[in-house]
Amino acid sequence: MDQFFLWLEATALSTWMRESVSVFAFPMILSYHTIGMGFVAGLSAAMDLRILGVGRRVPLLELKRFLPVLWFAFWLNAVSGVLLLIGYPTKALTNPVFYLKLTFIAFAIVLLRRITKSIFQSPDLDLGEIPARGKWLAAASLFCWVGTIFAGRLLAYTYTRLTAS
Amino acid sequence: MTIYEIQHWLLTTLRSVHIVEPIMTSRWGWPICESLHFVGLSLLIGTVGMFDLRLLGVAKRIPISALHRLIPWGIGGYFINIITGSMFLVTAPDQYLYNSSFHLKMLFMAIAGLNVVTFYSAMFRKVNVLGAGADAPWGAKWIGGASLFLWTGIIIFGRLLTFYRPFVCGDEGQTGLLATCLLPK
């Protein structure tokens with residue numbers, strides 16, 4: 001594994017991520033990642049809150065109009081996240097908390113897709129009573145996003161190796 | 001009073017607050033507060049940002065008054081961040097008071113505050129009566145767009161804080177910051 005880290009860290013892109021003094025390198029990519037987090041976790045949480053009973057007059061079917069913004073933010077974070085990973089592969093991949101974060105994200109996305117399919121696309125739910133199963137999906141989604149944020153933030157405090165070299 | 005004297009006064013005043021020190025200097029205190037700060041950020045962007053997008057014309061079938069019911073959760077996020085943010089500030093005031101990124105963040109927050117006041121004093125009654133399918137007036141669209149722009153800027157300046165930490169001035173370490181250099185001896 002160290003061979004792979006050494007190779008990746010020697011690539012031009014990885015070196016640029018770590019060593020560039022430009023504010024548009026690491027600092028701005030980290031900022032994009034945070035903006036994307038706000039929209040992905042935030043919009044998803046707002047939808048979860050609606051499912052759990054906040055703002056009952058918001059028609060559920062219409063909430064799907066925000067999904068393109070949410071998915072755009074998700075891909076922004078996938079790309080910025082991969083760039084951050086390319087910059088410091090050893091730091092992330094040798095830290096168990098990083099895998100915990102990825103697990104939370106995977107669950108959150110599965111939950112979001114299930115919520116989209118079973119709630120935002122069923123015409124009989126729009127303003128009606130949401131079944132308990134839907135509320136469980138929303139609560140689990142909130143939990144996973146909070147978990148993702150905590151795991152992500154704690155990466156800066158739990159790594160044991162910065163680079164392979 | 002010069003700006004340096006004001007900064008120095010703020011520094012000493014904030015530094016005299018010791019109430020959160022045991023939490024912030026513990027092993028996980030600061031990291032947990034940072035995590036909560038990000039959760040608060042997401043609540044704010046998720047609910048207020050969603051509302052701004054509705055003003056701009058996304059999901060028009062949602063009545064604005066209905067979507068406004070989510071705003072208290074954004075305000076909750078805002079207060080989580082005011083509390084955790086103040087905890088960072090009183091623990092390491094020098095990291096912030098002499099940081100240009102922090103100055104810009106505070107400037108943007110002040111403008112965002114004015115934007116909120118403008119919205120509730122001039123626009124809220126007009127948009128709150130709009131039903132499903134209604135377009136928000138241009139004034140409300142501008143306020144919504146400004147809100148998205150300002151909060152995005154606030155996130156960016158918040159993140160850039162780390163990269164614009166002030167330099168240490170002289171040999172006095174933590175106490176020998178810019179203020180010491182700038183103030184006449």
# chains A, B, ... in the order shown; residues from 1 in each chain; ligands from 1

$ residues_around --residues "Val69 in chain A" --least-positions-apart "2" --cutoff "10 Å" --atoms "only C-alpha atoms" --output "list in words"
Gly36, Phe39, Val40, Leu43, Lys64, Arg65, Phe66, Leu67, Trp71, Phe72, Ala73 and Phe74 of chain A; Met50, Leu53 and Val58 of chain B

$ write_last_selection --atoms "N, CA and C atoms" --output "PDB file, in the first residue's frame"
ATOM      1  N   GLY A  36     -20.505  22.550  -0.649  1.00  0.00           N
ATOM      2  CA  GLY A  36     -21.253  21.375  -1.096  1.00  0.00           C
ATOM      3  C   GLY A  36     -21.874  20.645   0.077  1.00  0.00           C
ATOM      4  N   PHE A  39     -25.062  22.282   1.216  1.00  0.00           N
ATOM      5  CA  PHE A  39     -26.225  22.033   0.359  1.00  0.00           C
ATOM      6  C   PHE A  39     -26.656  20.566   0.364  1.00  0.00           C
ATOM      7  N   VAL A  40     -25.714  19.649   0.357  1.00  0.00           N
ATOM      8  CA  VAL A  40     -26.097  18.223   0.350  1.00  0.00           C
ATOM      9  C   VAL A  40     -26.743  17.848   1.685  1.00  0.00           C
ATOM     10  N   LEU A  43     -29.893  20.477   2.491  1.00  0.00           N
ATOM     11  CA  LEU A  43     -31.149  20.276   1.757  1.00  0.00           C
ATOM     12  C   LEU A  43     -31.758  18.926   2.116  1.00  0.00           C
ATOM     13  N   LYS A  64     -38.984  17.518  -4.710  1.00  0.00           N
ATOM     14  CA  LYS A  64     -38.008  16.926  -5.626  1.00  0.00           C
ATOM     15  C   LYS A  64     -37.387  17.957  -6.565  1.00  0.00           C
ATOM     16  N   ARG A  65     -37.997  19.144  -6.644  1.00  0.00           N
ATOM     17  CA  ARG A  65     -37.423  20.211  -7.481  1.00  0.00           C
ATOM     18  C   ARG A  65     -36.068  20.678  -6.945  1.00  0.00           C
ATOM     19  N   PHE A  66     -35.822  20.410  -5.664  1.00  0.00           N
ATOM     20  CA  PHE A  66     -34.532  20.818  -5.082  1.00  0.00           C
ATOM     21  C   PHE A  66     -33.464  19.740  -5.300  1.00  0.00           C
ATOM     22  N   LEU A  67     -33.894  18.572  -5.757  1.00  0.00           N
ATOM     23  CA  LEU A  67     -32.938  17.469  -5.903  1.00  0.00           C
ATOM     24  C   LEU A  67     -31.804  17.772  -6.893  1.00  0.00           C
ATOM     25  N   TRP A  71     -28.010  17.178  -5.909  1.00  0.00           N
ATOM     26  CA  TRP A  71     -27.097  16.267  -6.615  1.00  0.00           C
ATOM     27  C   TRP A  71     -25.909  17.008  -7.220  1.00  0.00           C
ATOM     28  N   PHE A  72     -26.139  18.246  -7.650  1.00  0.00           N
ATOM     29  CA  PHE A  72     -25.014  19.050  -8.147  1.00  0.00           C
ATOM     30  C   PHE A  72     -23.990  19.224  -7.022  1.00  0.00           C
ATOM     31  N   ALA A  73     -24.501  19.567  -5.820  1.00  0.00           N
ATOM     32  CA  ALA A  73     -23.619  19.753  -4.668  1.00  0.00           C
ATOM     33  C   ALA A  73     -22.921  18.436  -4.313  1.00  0.00           C
ATOM     34  N   PHE A  74     -23.655  17.317  -4.459  1.00  0.00           N
ATOM     35  CA  PHE A  74     -23.052  16.016  -4.169  1.00  0.00           C
ATOM     36  C   PHE A  74     -21.855  15.756  -5.087  1.00  0.00           C
TER      37      PHE A  74
ATOM     38  N   MET B  50     -32.852  26.781   0.931  1.00  0.00           N
ATOM     39  CA  MET B  50     -34.028  26.236   0.245  1.00  0.00           C
ATOM     40  C   MET B  50     -35.076  27.342   0.051  1.00  0.00           C
ATOM     41  N   LEU B  53     -33.943  29.677  -2.654  1.00  0.00           N
ATOM     42  CA  LEU B  53     -34.149  29.076  -3.970  1.00  0.00           C
ATOM     43  C   LEU B  53     -35.624  29.183  -4.384  1.00  0.00           C
ATOM     44  N   VAL B  58     -37.430  28.294  -7.798  1.00  0.00           N
ATOM     45  CA  VAL B  58     -37.384  26.829  -7.766  1.00  0.00           C
ATOM     46  C   VAL B  58     -38.587  26.332  -6.943  1.00  0.00           C
TER      47      VAL B  58
END

$ interface_residues --of "chain A" --to "chain B" --cutoff "8 Å" --atoms "only C-alpha atoms" --output "short mmCIF file (atom, residue, chain, number, x, y, z; two decimals) with C-alpha atoms, in the first residue's frame"
data_model
loop_
_atom_site.label_atom_id
_atom_site.label_comp_id
_atom_site.auth_asym_id
_atom_site.auth_seq_id
_atom_site.Cartn_x
_atom_site.Cartn_y
_atom_site.Cartn_z
CA PRO A 27 -7.88 26.36 0.41
CA MET A 28 -10.56 26.97 -2.22
CA LEU A 30 -11.65 22.77 0.76
CA SER A 31 -14.11 25.69 0.65
CA TYR A 32 -16.04 24.11 -2.26
CA THR A 34 -17.74 22.83 2.69
CA ILE A 35 -20.24 24.69 0.48
CA MET A 37 -21.63 19.89 2.39
CA GLY A 38 -23.99 22.70 3.35
CA PHE A 39 -26.22 22.03 0.36
CA VAL A 40 -26.10 18.22 0.35
CA ALA A 41 -26.51 17.64 4.09
CA GLY A 42 -28.61 20.78 4.54
CA LEU A 43 -31.15 20.28 1.76
CA SER A 44 -31.40 16.59 2.61
CA ALA A 45 -31.94 17.49 6.29
CA ALA A 46 -34.60 20.07 5.37
CA LEU A 49 -37.53 17.57 8.68
CA ARG A 50 -40.54 17.98 6.38
CA VAL A 54 -42.06 20.29 10.16
CA GLY A 55 -43.92 22.51 7.66
CA ARG A 56 -46.75 20.08 6.94
CA ARG A 57 -48.19 22.38 4.28
CA VAL A 58 -45.11 21.92 2.07
CA PRO A 59 -46.21 19.56 -0.73
CA GLU A 62 -42.63 19.47 -5.06
CA LEU A 63 -39.58 18.95 -2.83
CA ARG A 65 -37.42 20.21 -7.48
CA PHE A 66 -34.53 20.82 -5.08
CA VAL A 146 -24.60 14.37 11.23
CA ILE A 149 -20.04 15.80 9.23
CA PHE A 150 -18.55 14.68 12.55
CA ARG A 153 -14.33 17.14 10.70
CA LEU A 154 -12.58 14.73 13.04
CA TYR A 157 -7.65 15.26 14.53
#

$ atom_distance --atom1 "CA of Ala10 in chain A" --atom2 "CA of Thr148 in chain A"
29.2 Å

$ residues_around --residues "Gln95 in chain B" --least-positions-apart "2" --cutoff "6 Å" --atoms "only C-alpha atoms" --output "CSV table (one decimal) with N, CA and C atoms, in the first residue's frame"
chain,number,residue,atom,x,y,z
B,92,ALA,N,-9.1,31.6,21.4
B,92,ALA,CA,-7.9,32.0,20.6
B,92,ALA,C,-8.2,33.3,19.9
B,93,PRO,N,-8.5,34.4,20.6
B,93,PRO,CA,-8.9,35.7,20.0
B,93,PRO,C,-7.9,36.2,19.0
B,165,ARG,N,-3.8,32.8,9.1
B,165,ARG,CA,-3.5,33.0,10.5
B,165,ARG,C,-2.4,34.1,10.6

$ select_by_dssp --residues "chain B" --states "helix (DSSP H, G or I)" --output "PyMOL selection string"
chain B and resi 3-15+21-24+29-56+64-91+93-97+100-128+138-164+173-175+178-182

$ residues_around --residues "Ala132 in chain A" --least-positions-apart "2" --cutoff "12 Å" --atoms "only C-alpha atoms" --output "VMD selection string"
chain A and resid 51 to 53 119 129 to 130 134 to 139

$ decode --residues "range 6-72 of chain A" --atoms "C-alpha atoms" --output "tab-separated table (two decimals), in the first residue's frame"
chain	number	residue	atom	x	y	z
A	6	LEU	CA	4.41	7.05	-2.60
A	7	TRP	CA	3.54	6.88	-6.28
A	8	LEU	CA	0.35	8.93	-5.89
A	9	GLU	CA	1.99	11.54	-3.69
A	10	ALA	CA	4.72	12.00	-6.32
A	11	THR	CA	2.24	12.83	-9.09
A	12	ALA	CA	1.99	16.43	-10.24
A	13	LEU	CA	-1.63	16.81	-9.11
A	14	SER	CA	-0.96	15.51	-5.61
A	15	THR	CA	2.10	17.73	-5.24
A	16	TRP	CA	0.11	20.74	-6.47
A	17	MET	CA	-2.63	20.06	-3.91
A	18	ARG	CA	-0.10	19.96	-1.08
A	19	GLU	CA	2.43	22.54	-2.11
A	20	SER	CA	0.74	25.19	-4.20
A	21	VAL	CA	0.63	28.51	-2.39
A	22	SER	CA	-2.32	29.63	-4.51
A	23	VAL	CA	-5.51	30.25	-2.57
A	24	PHE	CA	-7.32	28.54	-5.45
A	25	ALA	CA	-5.51	25.26	-4.78
A	26	PHE	CA	-6.08	23.52	-1.45
A	27	PRO	CA	-7.88	26.36	0.41
A	28	MET	CA	-10.56	26.97	-2.22
A	29	ILE	CA	-11.07	23.26	-2.97
A	30	LEU	CA	-11.65	22.77	0.76
A	31	SER	CA	-14.11	25.69	0.65
A	32	TYR	CA	-16.04	24.11	-2.26
A	33	HIS	CA	-16.19	20.91	-0.23
A	34	THR	CA	-17.74	22.83	2.69
A	35	ILE	CA	-20.24	24.69	0.48
A	36	GLY	CA	-21.25	21.38	-1.10
A	37	MET	CA	-21.63	19.89	2.39
A	38	GLY	CA	-23.99	22.70	3.35
A	39	PHE	CA	-26.22	22.03	0.36
A	40	VAL	CA	-26.10	18.22	0.35
A	41	ALA	CA	-26.51	17.64	4.09
A	42	GLY	CA	-28.61	20.78	4.54
A	43	LEU	CA	-31.15	20.28	1.76
A	44	SER	CA	-31.40	16.59	2.61
A	45	ALA	CA	-31.94	17.49	6.29
A	46	ALA	CA	-34.60	20.07	5.37
A	47	MET	CA	-36.43	17.35	3.39
A	48	ASP	CA	-36.07	14.95	6.33
A	49	LEU	CA	-37.53	17.57	8.68
A	50	ARG	CA	-40.54	17.98	6.38
A	51	ILE	CA	-41.08	14.22	6.38
A	52	LEU	CA	-40.83	14.22	10.18
A	53	GLY	CA	-43.61	16.80	10.38
A	54	VAL	CA	-42.06	20.29	10.16
A	55	GLY	CA	-43.92	22.51	7.66
A	56	ARG	CA	-46.75	20.08	6.94
A	57	ARG	CA	-48.19	22.38	4.28
A	58	VAL	CA	-45.11	21.92	2.07
A	59	PRO	CA	-46.21	19.56	-0.73
A	60	LEU	CA	-43.83	16.59	-0.70
A	61	LEU	CA	-44.08	16.02	-4.43
A	62	GLU	CA	-42.63	19.47	-5.06
A	63	LEU	CA	-39.58	18.95	-2.83
A	64	LYS	CA	-38.01	16.93	-5.63
A	65	ARG	CA	-37.42	20.21	-7.48
A	66	PHE	CA	-34.53	20.82	-5.08
A	67	LEU	CA	-32.94	17.47	-5.90
A	68	PRO	CA	-30.94	18.76	-8.92
A	69	VAL	CA	-29.29	21.35	-6.63
A	70	LEU	CA	-28.63	18.63	-4.06
A	71	TRP	CA	-27.10	16.27	-6.62
A	72	PHE	CA	-25.01	19.05	-8.15
